[in-house]
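Colleague: Supplied structure: upload_21.cif, mmCIF, C-alpha atoms.
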```
data_target
#
loop_
_atom_site.label_atom_id
_atom_site.label_comp_id
_atom_site.auth_asym_id
_atom_site.auth_seq_id
_atom_site.Cartn_x
_atom_site.Cartn_y
_atom_site.Cartn_z
CA MET A 1 31.02 -17.29 7.63
CA ARG A 2 30.09 -15.60 10.89
CA SER A 3 28.10 -12.47 10.47
CA ASP A 4 29.42 -11.28 13.86
CA ASP A 5 32.80 -10.80 12.23
CA ALA A 6 31.49 -8.53 9.49
CA PRO A 7 32.14 -4.86 10.15
CA VAL A 8 29.26 -2.56 10.94
CA VAL A 9 28.68 -0.33 7.92
CA ILE A 10 27.32 3.19 8.27
CA THR A 11 26.21 4.80 5.02
CA GLU A 12 25.50 8.44 4.46
CA TYR A 13 22.57 8.98 2.11
CA ARG A 14 22.26 12.22 0.21
CA ASP A 15 19.67 14.54 1.76
CA GLY A 16 18.74 11.76 4.15
CA PRO A 17 19.69 9.88 7.31
CA LEU A 18 22.66 7.66 8.17
CA LEU A 19 21.86 3.99 7.66
CA VAL A 20 23.50 1.47 9.98
CA ARG A 21 23.84 -2.16 8.94
CA GLY A 22 25.58 -4.99 10.78
CA ASN A 23 25.87 -6.36 14.28
CA PHE A 24 25.65 -2.99 16.01
CA GLN A 25 24.58 -1.92 19.46
CA LEU A 26 23.17 1.55 20.05
CA LEU A 27 23.51 3.18 23.49
CA ASP A 28 21.83 6.25 24.94
CA ALA A 29 23.61 9.03 26.82
CA ASP A 30 23.53 6.99 30.02
CA GLY A 31 25.01 3.93 28.37
CA ARG A 32 21.75 2.00 28.20
CA GLU A 33 21.04 0.02 25.08
CA ILE A 34 18.37 1.46 22.79
CA PRO A 35 16.35 -1.54 21.64
CA THR A 36 15.44 -2.10 18.01
CA THR A 37 13.93 -5.01 16.14
CA ARG A 38 15.27 -4.14 12.72
CA LYS A 39 18.56 -5.10 11.13
CA THR A 40 18.97 -1.84 9.25
CA VAL A 41 18.24 1.42 11.06
CA ALA A 42 18.19 5.07 9.99
CA LEU A 43 19.73 7.63 12.35
CA CYS A 44 18.55 11.22 12.29
CA ARG A 45 21.20 13.69 11.21
CA CYS A 46 19.07 16.80 10.74
CA GLY A 47 18.07 17.11 14.40
CA ARG A 48 14.36 17.45 13.64
CA SER A 49 13.18 13.91 14.36
CA SER A 50 10.69 13.56 17.20
CA GLN A 51 11.90 10.00 17.76
CA LYS A 52 15.65 10.47 17.94
CA PRO A 53 17.98 8.75 17.43
CA TRP A 54 15.77 7.31 14.69
CA CYS A 55 14.96 9.22 11.52
CA ASP A 56 11.21 9.90 11.23
CA SER A 57 11.45 11.68 7.85
CA SER A 58 10.95 15.11 9.41
CA HIS A 59 13.84 16.35 7.25
CA LYS A 60 11.39 16.22 4.34
CA LEU A 61 9.07 18.80 5.84
CA GLY A 62 11.48 21.58 5.02
CA ARG A 63 12.03 20.28 1.51
CA GLN A 64 8.30 20.04 0.86
CA SER A 65 7.65 23.59 1.94
CA ARG A 66 10.50 24.87 -0.22
CA ARG A 67 9.15 22.95 -3.19
CA THR A 68 5.63 24.17 -2.61
CA ALA A 69 6.95 27.69 -2.78
CA ASP A 70 8.48 26.93 -6.15
CA PRO A 71 5.71 27.18 -8.74
CA SER A 72 7.78 25.36 -11.36
CA SER A 73 7.78 22.21 -9.23
CA SER A 74 4.05 21.72 -9.21
CA THR A 75 3.31 21.64 -12.90
CA ASP A 76 4.19 18.02 -13.80
CA MET B 1 -15.33 -40.27 21.54
CA SER B 2 -14.79 -37.41 19.21
CA VAL B 3 -14.10 -33.77 19.60
CA THR B 4 -16.17 -31.49 17.46
CA ALA B 5 -15.83 -27.78 16.98
CA ASP B 6 -18.59 -25.59 18.27
CA PRO B 7 -20.33 -24.49 15.06
CA SER B 8 -20.78 -21.01 16.49
CA THR B 9 -17.02 -20.59 16.82
CA PRO B 10 -15.66 -18.46 13.99
CA PRO B 11 -12.92 -20.09 11.96
CA SER B 12 -9.42 -19.37 13.15
CA PRO B 13 -7.51 -16.86 11.02
CA GLU B 14 -5.37 -19.67 9.58
CA ARG B 15 -8.45 -21.44 8.24
CA TRP B 16 -10.22 -18.41 6.87
CA GLU B 17 -10.67 -18.30 3.13
CA PRO B 18 -12.27 -15.17 1.71
CA PRO B 19 -15.63 -15.72 0.02
CA LEU B 20 -16.17 -14.72 -3.59
CA PRO B 21 -17.58 -11.20 -3.80
CA ARG B 22 -20.87 -10.22 -5.39
CA PRO B 23 -20.71 -9.19 -9.06
CA ARG B 24 -20.90 -5.49 -9.97
CA GLY B 25 -21.69 -5.70 -13.67
CA PRO B 26 -21.59 -7.99 -16.72
CA ILE B 27 -17.84 -8.66 -16.69
CA SER B 28 -17.50 -9.55 -13.02
CA ASP B 29 -20.73 -11.55 -13.31
CA ILE B 30 -19.21 -13.79 -15.99
CA VAL B 31 -15.90 -14.15 -14.14
CA LEU B 32 -17.49 -14.94 -10.77
CA ASN B 33 -19.95 -17.38 -12.33
CA ALA B 34 -17.08 -19.22 -13.98
CA LEU B 35 -15.04 -19.45 -10.79
CA SER B 36 -17.79 -21.29 -9.00
CA ARG B 37 -17.45 -24.11 -11.56
CA ASN B 38 -14.60 -26.39 -12.57
CA PRO B 39 -11.87 -24.71 -14.65
CA GLY B 40 -12.86 -24.48 -18.30
CA ASP B 41 -14.11 -21.97 -20.83
CA LEU B 42 -15.84 -18.69 -20.02
CA ALA B 43 -18.74 -16.96 -21.70
CA ALA B 44 -17.69 -14.10 -23.97
CA VAL B 45 -16.87 -11.04 -21.88
CA PRO B 46 -18.09 -7.66 -23.12
CA ALA B 47 -15.50 -4.95 -23.64
CA PRO B 48 -15.13 -2.69 -20.59
CA THR B 49 -16.97 0.57 -21.10
CA GLY B 50 -16.50 2.47 -17.83
CA ASP B 51 -13.55 4.60 -16.69
CA PRO B 52 -10.63 2.15 -16.84
CA LEU B 53 -9.05 3.81 -13.80
CA SER B 54 -12.00 3.34 -11.46
CA ASP B 55 -14.83 1.27 -12.98
CA ASP B 56 -16.39 -1.03 -10.39
CA ASP B 57 -17.08 -3.91 -12.76
CA LEU B 58 -13.66 -3.87 -14.43
CA HIS B 59 -11.67 -3.53 -11.23
CA LEU B 60 -13.58 -6.12 -9.27
CA ALA B 61 -13.17 -8.63 -12.12
CA LEU B 62 -9.48 -7.80 -12.41
CA TYR B 63 -9.00 -7.97 -8.64
CA VAL B 64 -10.60 -11.41 -8.57
CA CYS B 65 -8.37 -12.64 -11.43
CA TYR B 66 -5.28 -11.39 -9.60
CA GLU B 67 -6.37 -12.70 -6.24
CA LEU B 68 -6.04 -16.25 -7.55
CA HIS B 69 -2.26 -15.63 -7.45
CA TYR B 70 -2.37 -14.59 -3.77
CA ARG B 71 -4.87 -16.29 -1.46
CA GLY B 72 -7.66 -17.51 -3.75
CA PHE B 73 -11.28 -17.76 -2.62
CA ALA B 74 -13.31 -20.25 -0.67
CA GLY B 75 -14.73 -22.95 -2.95
CA VAL B 76 -12.74 -21.85 -6.03
CA ASP B 77 -10.59 -24.49 -7.74
CA PRO B 78 -6.97 -23.22 -7.49
CA ARG B 79 -6.28 -24.45 -11.02
CA TRP B 80 -8.19 -21.40 -12.27
CA GLU B 81 -5.00 -19.43 -11.56
CA TRP B 82 -3.40 -20.54 -14.84
CA ASN B 83 -6.55 -21.23 -16.85
CA PRO B 84 -5.87 -19.86 -20.38
CA ALA B 85 -9.45 -18.68 -20.90
CA LEU B 86 -9.40 -16.69 -17.67
CA LEU B 87 -5.94 -15.30 -18.44
CA ALA B 88 -7.31 -14.10 -21.78
CA VAL B 89 -10.12 -12.28 -19.96
CA ARG B 90 -7.58 -10.78 -17.58
CA GLU B 91 -5.63 -9.43 -20.53
CA LEU B 92 -8.80 -7.80 -21.91
CA LEU B 93 -9.13 -5.96 -18.60
CA GLU B 94 -5.45 -5.10 -18.16
CA ALA B 95 -4.99 -3.54 -21.60
CA PRO B 96 -7.36 -0.56 -21.16
CA PHE B 97 -6.18 -0.11 -17.56
CA GLU B 98 -2.49 0.09 -18.51
CA ALA B 99 -3.23 2.30 -21.51
CA ALA B 100 -5.21 4.72 -19.34
CA LEU B 101 -2.45 4.82 -16.74
CA ARG B 102 0.13 5.77 -19.35
CA VAL B 103 -2.06 8.47 -20.89
CA THR B 104 -3.44 9.94 -17.67
CA PHE B 105 -0.29 9.94 -15.55
CA PRO B 106 2.66 10.92 -17.74
CA THR B 107 6.04 10.66 -16.09
CA GLY B 108 7.14 14.20 -16.70
CA THR B 109 10.24 13.07 -18.58
CA HIS B 110 9.91 16.13 -20.75
CA HIS B 111 12.17 17.62 -18.09
CA SER B 112 15.22 16.64 -20.06
CA GLY B 113 18.30 15.52 -18.22
CA LEU B 114 16.50 14.23 -15.12
CA ASP B 115 18.10 11.24 -13.50
CA VAL B 116 15.83 8.67 -11.86
CA ARG B 117 16.54 10.03 -8.42
CA SER B 118 15.44 13.56 -9.18
CA GLY B 119 12.56 12.23 -11.29
CA LEU B 120 11.22 10.21 -8.37
CA THR B 121 11.77 13.06 -5.93
CA ARG B 122 9.84 15.36 -8.23
CA ILE B 123 6.92 12.92 -8.40
CA ALA B 124 6.97 12.47 -4.61
CA ASP B 125 6.71 16.23 -4.20
CA ARG B 126 3.68 16.61 -6.46
CA PRO B 127 0.81 18.21 -4.60
CA GLY B 128 -2.13 15.92 -3.89
CA PRO B 129 -5.41 15.78 -1.99
CA ALA B 130 -5.05 16.45 1.72
CA LEU B 131 -6.50 13.26 3.12
CA SER B 132 -3.89 12.38 5.73
CA ARG B 133 -4.03 15.91 7.16
CA TYR B 134 -7.81 15.65 7.24
CA LEU B 135 -7.52 12.35 9.08
CA ARG B 136 -5.11 13.91 11.55
CA ASP B 137 -7.10 17.05 12.25
CA THR B 138 -10.76 16.60 11.43
CA ALA B 139 -12.04 13.13 10.52
CA THR B 140 -14.69 11.52 12.69
CA ARG B 141 -14.17 8.10 14.15
CA GLU B 142 -16.46 6.57 11.55
CA GLN B 143 -14.68 8.30 8.68
CA PHE B 144 -11.33 7.02 9.92
CA LEU B 145 -12.69 3.49 10.14
CA GLU B 146 -13.94 3.78 6.56
CA VAL B 147 -10.42 4.55 5.41
CA ILE B 148 -8.99 1.65 7.39
CA VAL B 149 -11.52 -0.63 5.68
CA LEU B 150 -10.83 0.82 2.22
CA CYS B 151 -7.09 0.40 2.61
CA SER B 152 -7.42 -3.15 3.92
CA ALA B 153 -7.61 -4.40 0.33
CA TYR B 154 -3.90 -3.66 0.04
CA ARG B 155 -2.67 -3.45 3.61
CA LEU B 156 -3.59 -7.04 4.38
CA LYS B 157 -1.21 -8.16 1.66
CA GLU B 158 1.24 -5.35 2.04
CA ALA B 159 4.50 -5.91 0.16
CA ASP B 160 3.24 -9.15 -1.41
CA PRO B 161 2.74 -7.68 -4.92
CA HIS B 162 6.25 -6.21 -5.03
CA SER B 163 7.80 -9.52 -4.00
CA PHE B 164 6.99 -10.88 -7.46
CA ALA B 165 9.73 -8.58 -8.78
CA ILE B 166 12.50 -10.20 -6.71
CA PRO B 167 13.53 -12.92 -9.22
CA ARG B 168 13.35 -10.38 -12.04
CA LEU B 169 15.96 -8.02 -10.63
CA GLU B 170 19.70 -8.37 -10.19
CA ASN B 171 22.56 -7.12 -8.07
CA LYS B 172 22.03 -3.93 -6.09
CA ALA B 173 18.34 -3.61 -6.94
CA LYS B 174 17.59 -7.18 -5.88
CA ALA B 175 19.52 -6.80 -2.61
CA ALA B 176 17.77 -3.52 -1.85
CA LEU B 177 14.29 -4.87 -2.62
CA VAL B 178 14.88 -7.90 -0.39
CA GLU B 179 16.29 -5.70 2.38
CA ILE B 180 13.03 -3.71 2.32
CA GLU B 181 10.81 -6.78 1.98
CA TYR B 182 12.53 -8.60 4.84
CA ASP B 183 11.55 -5.72 7.11
CA GLU B 184 8.03 -5.58 5.63
CA PHE B 185 7.66 -9.25 6.47
CA GLY B 186 8.67 -8.77 10.09
CA SER B 187 12.43 -9.41 10.04
CA GLY B 188 11.79 -13.01 11.03
CA ARG B 189 8.98 -12.25 13.49
CA ALA B 190 5.48 -13.18 12.35
CA ASP B 191 3.84 -10.70 14.71
CA ARG B 192 5.85 -7.88 13.09
CA ILE B 193 4.73 -8.65 9.53
CA HIS B 194 3.22 -5.35 8.42
CA ALA B 195 0.03 -7.02 7.19
CA VAL B 196 -0.30 -8.61 10.64
CA LEU B 197 0.25 -5.24 12.30
CA TYR B 198 -2.62 -3.95 10.17
CA GLN B 199 -4.82 -6.80 11.36
CA THR B 200 -3.89 -5.89 14.93
CA SER B 201 -4.90 -2.30 14.28
CA MET B 202 -8.17 -3.39 12.64
CA ASN B 203 -9.01 -5.65 15.57
CA ALA B 204 -8.19 -2.89 18.04
CA ALA B 205 -10.55 -0.58 16.15
CA GLY B 206 -13.35 -3.15 16.33
CA LEU B 207 -13.17 -4.10 12.64
CA ASP B 208 -13.17 -7.49 10.93
CA ALA B 209 -9.49 -8.17 10.23
CA ARG B 210 -10.00 -11.28 8.12
CA TYR B 211 -8.41 -11.07 4.67
CA GLY B 212 -10.97 -9.99 2.09
CA ALA B 213 -13.85 -9.69 4.55
CA TYR B 214 -14.81 -6.21 3.31
CA LEU B 215 -14.31 -6.71 -0.42
CA ASP B 216 -17.98 -6.14 -1.27
CA ILE B 217 -17.97 -2.60 0.15
CA ILE B 218 -14.64 -1.48 -1.34
CA PRO B 219 -15.21 0.53 -4.55
CA GLY B 220 -13.35 0.07 -7.83
CA ILE B 221 -11.38 3.28 -7.37
CA ALA B 222 -9.79 1.70 -4.28
CA LEU B 223 -9.31 -1.70 -5.92
CA ALA B 224 -7.47 0.06 -8.78
CA THR B 225 -4.71 1.05 -6.33
CA VAL B 226 -4.25 -2.66 -5.53
CA ASN B 227 -4.64 -3.90 -9.10
CA VAL B 228 -1.90 -1.62 -10.34
CA MET B 229 0.57 -3.32 -8.02
CA SER B 230 -0.48 -6.76 -9.23
CA LEU B 231 -0.26 -5.61 -12.84
CA PHE B 232 3.32 -4.45 -12.29
CA GLY B 233 4.24 -7.43 -10.13
CA LEU B 234 2.87 -10.18 -12.34
CA HIS B 235 4.36 -8.97 -15.63
CA ARG B 236 8.11 -9.24 -15.97
CA ARG B 237 8.09 -6.58 -18.69
CA LEU B 238 6.77 -4.15 -16.03
CA ARG B 239 9.33 -5.02 -13.34
CA ALA B 240 10.80 -1.54 -13.45
CA ALA B 241 7.32 -0.09 -12.89
CA ALA B 242 7.01 -2.34 -9.81
CA VAL B 243 10.30 -0.85 -8.58
CA GLY B 244 9.03 2.66 -9.20
CA HIS B 245 5.75 1.91 -7.48
CA LEU B 246 7.43 0.62 -4.34
CA ALA B 247 9.96 3.44 -4.36
CA ILE B 248 7.34 6.20 -4.45
CA ALA B 249 5.26 4.40 -1.84
CA GLU B 250 8.22 4.25 0.54
CA MET B 251 9.22 7.84 -0.21
CA THR B 252 5.81 9.25 0.69
CA SER B 253 4.81 6.97 3.52
CA ALA B 254 6.43 8.05 6.78
CA LEU B 255 4.93 11.52 7.13
CA SER B 256 1.48 10.33 5.98
CA ASN B 257 1.49 7.51 8.51
CA LYS B 258 2.63 9.90 11.25
CA ARG B 259 -0.37 12.10 10.54
CA GLN B 260 -2.71 9.11 10.55
CA ALA B 261 -1.30 7.82 13.86
CA ASP B 262 -1.79 11.30 15.34
CA GLY B 263 -5.36 11.32 14.04
CA LEU B 264 -6.12 7.99 15.69
CA ARG B 265 -4.69 9.28 18.98
CA ARG B 266 -6.84 12.41 18.67
CA LEU B 267 -9.87 10.12 18.41
CA GLY B 268 -8.87 8.21 21.53
CA PHE B 269 -7.48 5.03 19.97
CA ASP B 270 -4.76 3.22 21.91
CA THR B 271 -1.36 1.94 20.84
CA ALA B 272 -2.83 -1.35 19.63
CA ALA B 273 -4.71 0.62 16.98
CA THR B 274 -1.91 3.08 16.18
CA GLY B 275 0.85 0.42 16.11
CA PHE B 276 0.77 -0.17 12.36
CA PHE B 277 0.99 3.54 11.61
CA ASP B 278 3.66 4.25 14.23
CA GLU B 279 5.77 1.39 12.89
CA HIS B 280 5.65 2.86 9.40
CA VAL B 281 7.06 6.21 10.49
CA ILE B 282 10.38 4.64 11.48
CA ALA B 283 10.38 1.67 9.10
CA ASP B 284 9.65 3.68 5.99
CA SER B 285 12.20 6.33 6.89
CA VAL B 286 14.68 3.46 6.44
CA HIS B 287 13.01 1.98 3.35
CA ASP B 288 12.74 5.39 1.70
CA VAL B 289 16.46 5.94 1.21
CA ILE B 290 17.13 2.31 0.29
CA ALA B 291 14.32 2.34 -2.27
CA LEU B 292 15.35 5.61 -3.85
CA ASN B 293 19.11 5.23 -3.91
CA ASP B 294 19.75 1.49 -4.10
CA MET B 295 16.62 -0.20 -5.45
CA ALA B 296 15.64 2.37 -8.09
CA GLY B 297 19.04 3.98 -8.48
CA GLY B 298 20.78 0.62 -8.91
CA PRO B 299 19.04 -0.70 -12.02
CA ALA B 300 18.68 2.78 -13.46
CA ALA B 301 22.43 3.21 -13.43
CA GLN B 302 23.00 -0.18 -15.08
CA ASN B 303 19.99 -0.18 -17.41
CA PRO B 304 19.09 3.35 -18.46
CA GLU B 305 16.25 1.95 -20.60
CA LEU B 306 14.43 1.05 -17.36
CA VAL B 307 14.23 4.64 -16.16
CA ASP B 308 11.05 5.44 -18.09
CA ASP B 309 9.17 2.52 -16.55
CA ILE B 310 10.48 3.25 -13.04
CA LEU B 311 9.05 6.75 -13.36
CA PHE B 312 5.87 5.37 -14.98
CA GLY B 313 5.29 3.07 -11.99
CA ALA B 314 5.81 5.95 -9.59
CA SER B 315 3.60 8.33 -11.55
CA ALA B 316 0.79 5.78 -11.92
CA ALA B 317 0.90 4.97 -8.20
CA THR B 318 0.75 8.64 -7.27
CA GLY B 319 -2.05 9.38 -9.74
CA LEU B 320 -4.25 6.52 -8.60
CA ASP B 321 -3.62 7.32 -4.93
CA ASN B 322 -4.59 10.92 -5.55
CA ASN B 323 -7.78 9.86 -7.38
CA PHE B 324 -8.65 7.58 -4.50
CA ALA B 325 -7.98 10.20 -1.82
CA GLN B 326 -9.98 12.84 -3.70
CA TYR B 327 -12.88 10.40 -4.09
CA ILE B 328 -12.98 9.82 -0.33
CA LEU B 329 -12.90 13.52 0.45
CA ASP B 330 -15.55 14.30 -2.16
CA ARG B 331 -17.87 11.64 -0.78
CA TRP B 332 -17.53 13.01 2.71
CA THR B 333 -18.00 16.57 1.55
CA SER B 334 -21.30 15.56 -0.03
CA GLY B 335 -22.37 13.81 3.17
CA GLN B 336 -21.94 10.26 1.87
CA SER B 337 -19.95 7.27 3.00
CA SER B 338 -16.87 6.43 0.94
CA LEU B 339 -17.79 2.74 1.09
CA ARG B 340 -20.00 0.97 -1.43
CA SER B 341 -23.48 0.67 -0.03
CA HIS B 342 -24.78 -2.00 -2.44
CA SER B 343 -24.71 -4.99 -0.15
CA ALA B 344 -23.63 -3.81 3.27
CA PRO B 345 -24.64 -0.30 4.18
CA SER B 346 -22.11 0.49 6.86
CA ILE B 347 -19.17 -0.79 8.79
CA ARG B 348 -21.27 -0.17 11.85
CA GLN B 349 -23.08 -3.37 10.90
CA MET B 350 -19.98 -5.12 9.65
CA HIS B 351 -17.58 -4.93 12.55
CA VAL B 352 -17.22 -8.27 14.20
CA PRO B 353 -15.94 -8.07 17.77
CA ALA B 354 -18.35 -6.46 20.19
CA GLY B 355 -16.00 -3.55 20.56
CA GLN B 356 -16.78 0.00 21.41
CA PRO B 357 -19.69 1.44 19.44
CA LEU B 358 -18.70 3.75 16.67
CA ALA B 359 -19.44 7.34 17.33
CA ALA B 360 -21.77 8.71 14.71
CA GLY B 361 -20.07 11.48 12.83
CA GLY B 362 -21.32 14.04 10.39
CA PRO B 363 -19.62 14.46 7.07
CA GLY B 364 -16.28 16.15 7.04
CA ARG B 365 -16.20 19.59 5.52
CA ARG B 366 -12.61 20.64 5.74
CA VAL B 367 -10.00 19.45 3.40
CA ALA B 368 -6.32 19.86 4.02
CA GLY B 369 -3.07 18.31 2.67
CA GLY B 370 -1.09 15.01 2.34
CA ASN B 371 -1.14 11.63 0.74
CA LEU B 372 -3.11 8.85 2.32
CA THR B 373 -2.77 5.67 0.44
CA LYS B 374 0.93 5.78 0.08
CA LYS B 375 2.21 2.75 1.77
#
```
In structure tokens, how does this file's structure come out?

Modeller:
Amino acid sequence: MRSDDAPVVITEYRDGPLLVRGNFQLLDADGREIPTTRKTVALCRCGRSSQKPWCDSSHKLGRQSRRTADPSSSTD
Amino acid sequence: MSVTADPSTPPSPERWEPPLPRPRGPISDIVLNALSRNPGDLAAVPAPTGDPLSDDDLHLALYVCYELHYRGFAGVDPRWEWNPALLAVRELLEAPFEAALRVTFPTGTHHSGLDVRSGLTRIADRPGPALSRYLRDTATREQFLEVIVLCSAYRLKEADPHSFAIPRLENKAKAALVEIEYDEFGSGRADRIHAVLYQTSMNAAGLDARYGAYLDIIPGIALATVNVMSLFGLHRRLRAAAVGHLAIAEMTSALSNKRQADGLRRLGFDTAATGFFDEHVIADSVHDVIALNDMAGGPAAQNPELVDDILFGASAATGLDNNFAQYILDRWTSGQSSLRSHSAPSIRQMHVPAGQPLAAGGPGRRVAGGNLTKK
């Protein structure tokens, strides 16, 4: 089996980034390849990452502050 | 003609074997004495009496027992790994530790109707000591180096404990765990193994990056955060707790590592030192969603009876990490080092390469938010 033939799979994760798996190539706005060493990457879809196109978990900052404001969430 | 090594040349990293540590009490004294002999019987070990979540004697003895399954120690017969007498001692140490974890860090399953995903998210959002924010904003150079040393007990074998769970999982959970571990182990590149990245950061900071080099100055409360992973990894009955432990570590890692990388940059460290932390911002943003949705969510959907232990592993990891972080902050607040001072007073005297001198720093006074020890 040749892995090159397998389709690239993009998965949407709830409240999280898009994960890309497969033999993909990622290009910037000028058509230049964005290098990566990993086989599975997470793409930002909230717009808050400081390292776009990669997800840097900044989407959690909003969630954390909302939860902190909710007293019922801090009593476990 | 023969070629002989210069005796002043330190051993290459491949040849380094960590030395046995110094004992910290009656239990570790008996265990360490035994390990310097041929495998056989041990003297009777007294029951642990200290806090089972942090006691120096208990956790050093347990760490040493577990370490035989990883790298071993210089001069110790590797057959000790499966010596029945030593395994019996290990069980005497594990039982109070596990019991204390279950009592002290309940999973919060009294919130009826929680699925594993919301249970883990709830644990990840628990408030904790603010160590990573302190490291970002306030810590002195010396304080930061203390934390790098303290965390070396786990970071230099990062992801190893969880790999014991691979043959014990099936289907989606197995595939997800291996997908995470493959990345942890460098995706086929030895220089990208996360433990190797940590060594690179330690070297860049002027620290001794050899595995186990600092064991004598790492307190039991830090070793407990490592021992819990070995406990979960080495017992098949606790495989779901290993899953929960890794899941919560991945879920709380990226932002903490971002703060730590920013703290190192504030202190003037270069990219060689920040590399490990920078890598974890992006890597663990990937691992996070795989761990939560596929690794933990997979077995939970197929085996609902595993949910309790997944949440137990996550809750225990979070509780021990919080204890550890609070200990560090408390020590600094009282003007003390967070390292054990018994045998080696300071990393100033321990760091090996003749790197930049460490700036002397006063104790930190300000405390502010975020998890530190999360992977």

Colleague: Between CA of Ala241 in chain B and CA of Ala165 in chain B, what is the distance, to one decimal in Å?

Modeller: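 CA of Ala165 in chain B lies at a distance of 9.7 Å from CA of Ala241 in chain B.
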
Colleague: Name the residues captured by the PyMOL selection byres ((chain B) within 7 of (chain A)) when it is applied to the shown file; answer as number ranges by chain.

Modeller: B: 108, 125-127, 183, 187, 254-255, 281-282, 285-286, 289

Colleague: Given the file shown, determine the residues that the PyMOL selection byres ((chain B and resi 37-50) around 6) selects; report them as a ChimeraX atom specification.

Modeller: /B:27,34-36,51-52,55,80,85

Colleague: As JSON, please: the centre and edge lengths in Å, to one decimal, of an axis-aligned box enclosing every listed atom of range 82-96 of chain B with 4 Å added on each side.

Modeller:
```
{"center_x": -6.8, "center_y": -10.9, "center_z": -18.4, "size_x": 14.7, "size_y": 28.7, "size_z": 15.1}
```

Colleague: Which residues come within 12 Å of Glu81 in chain B, counting all atoms listed in the file, excluding same-chain residues fewer than 6 positions away, as a VMD selection string?

Modeller: chain B and resid 35 38 to 40 64 to 73 87 to 88 90

Colleague: Can you list, as a PDB file with C-alpha atoms, in the coordinates of the input, the residues that the PyMOL selection byres ((chain B and resi 59) around 9) selects here?

Modeller:
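Everything below was put into selection-v1.pdb:
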```pdb
ATOM      1  CA  SER B  28     -17.500  -9.550 -13.020  1.00  0.00           C
ATOM      2  CA  PRO B  52     -10.630   2.150 -16.840  1.00  0.00           C
ATOM      3  CA  LEU B  53      -9.050   3.810 -13.800  1.00  0.00           C
ATOM      4  CA  SER B  54     -12.000   3.340 -11.460  1.00  0.00           C
ATOM      5  CA  ASP B  55     -14.830   1.270 -12.980  1.00  0.00           C
ATOM      6  CA  ASP B  56     -16.390  -1.030 -10.390  1.00  0.00           C
ATOM      7  CA  ASP B  57     -17.080  -3.910 -12.760  1.00  0.00           C
ATOM      8  CA  LEU B  58     -13.660  -3.870 -14.430  1.00  0.00           C
ATOM      9  CA  LEU B  60     -13.580  -6.120  -9.270  1.00  0.00           C
ATOM     10  CA  ALA B  61     -13.170  -8.630 -12.120  1.00  0.00           C
ATOM     11  CA  LEU B  62      -9.480  -7.800 -12.410  1.00  0.00           C
ATOM     12  CA  TYR B  63      -9.000  -7.970  -8.640  1.00  0.00           C
ATOM     13  CA  VAL B  64     -10.600 -11.410  -8.570  1.00  0.00           C
ATOM     14  CA  LEU B  93      -9.130  -5.960 -18.600  1.00  0.00           C
ATOM     15  CA  PRO B 219     -15.210   0.530  -4.550  1.00  0.00           C
ATOM     16  CA  GLY B 220     -13.350   0.070  -7.830  1.00  0.00           C
ATOM     17  CA  ILE B 221     -11.380   3.280  -7.370  1.00  0.00           C
ATOM     18  CA  ALA B 222      -9.790   1.700  -4.280  1.00  0.00           C
ATOM     19  CA  LEU B 223      -9.310  -1.700  -5.920  1.00  0.00           C
ATOM     20  CA  ALA B 224      -7.470   0.060  -8.780  1.00  0.00           C
ATOM     21  CA  ASN B 227      -4.640  -3.900  -9.100  1.00  0.00           C
TER      22      ASN B 227
END
```

Colleague: Restricting the calculation to only C-alpha atoms, which member of B:Gly263, B:Val116, B:Lys258, B:Asn293 is positioned closest to Arg141 in chain B?

Modeller: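 Using only C-alpha atoms, the shortest distance to Arg141 in chain B belongs to B:Gly263.
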
Colleague: Just give me the gap between CA of Ala99 in chain B and CA of Ile310 in chain B in Å, one decimal is fine.

Modeller: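 Answer for the CA of Ala99 in chain B to CA of Ile310 in chain B separation: 16.1 Å.
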
Colleague: If I take CA of Ala173 in chain B and CA of Gly298 in chain B, how far is one from the other in Å, to one decimal?

Modeller: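 According to the coordinates, CA of Ala173 in chain B and CA of Gly298 in chain B are separated by 5.3 Å.
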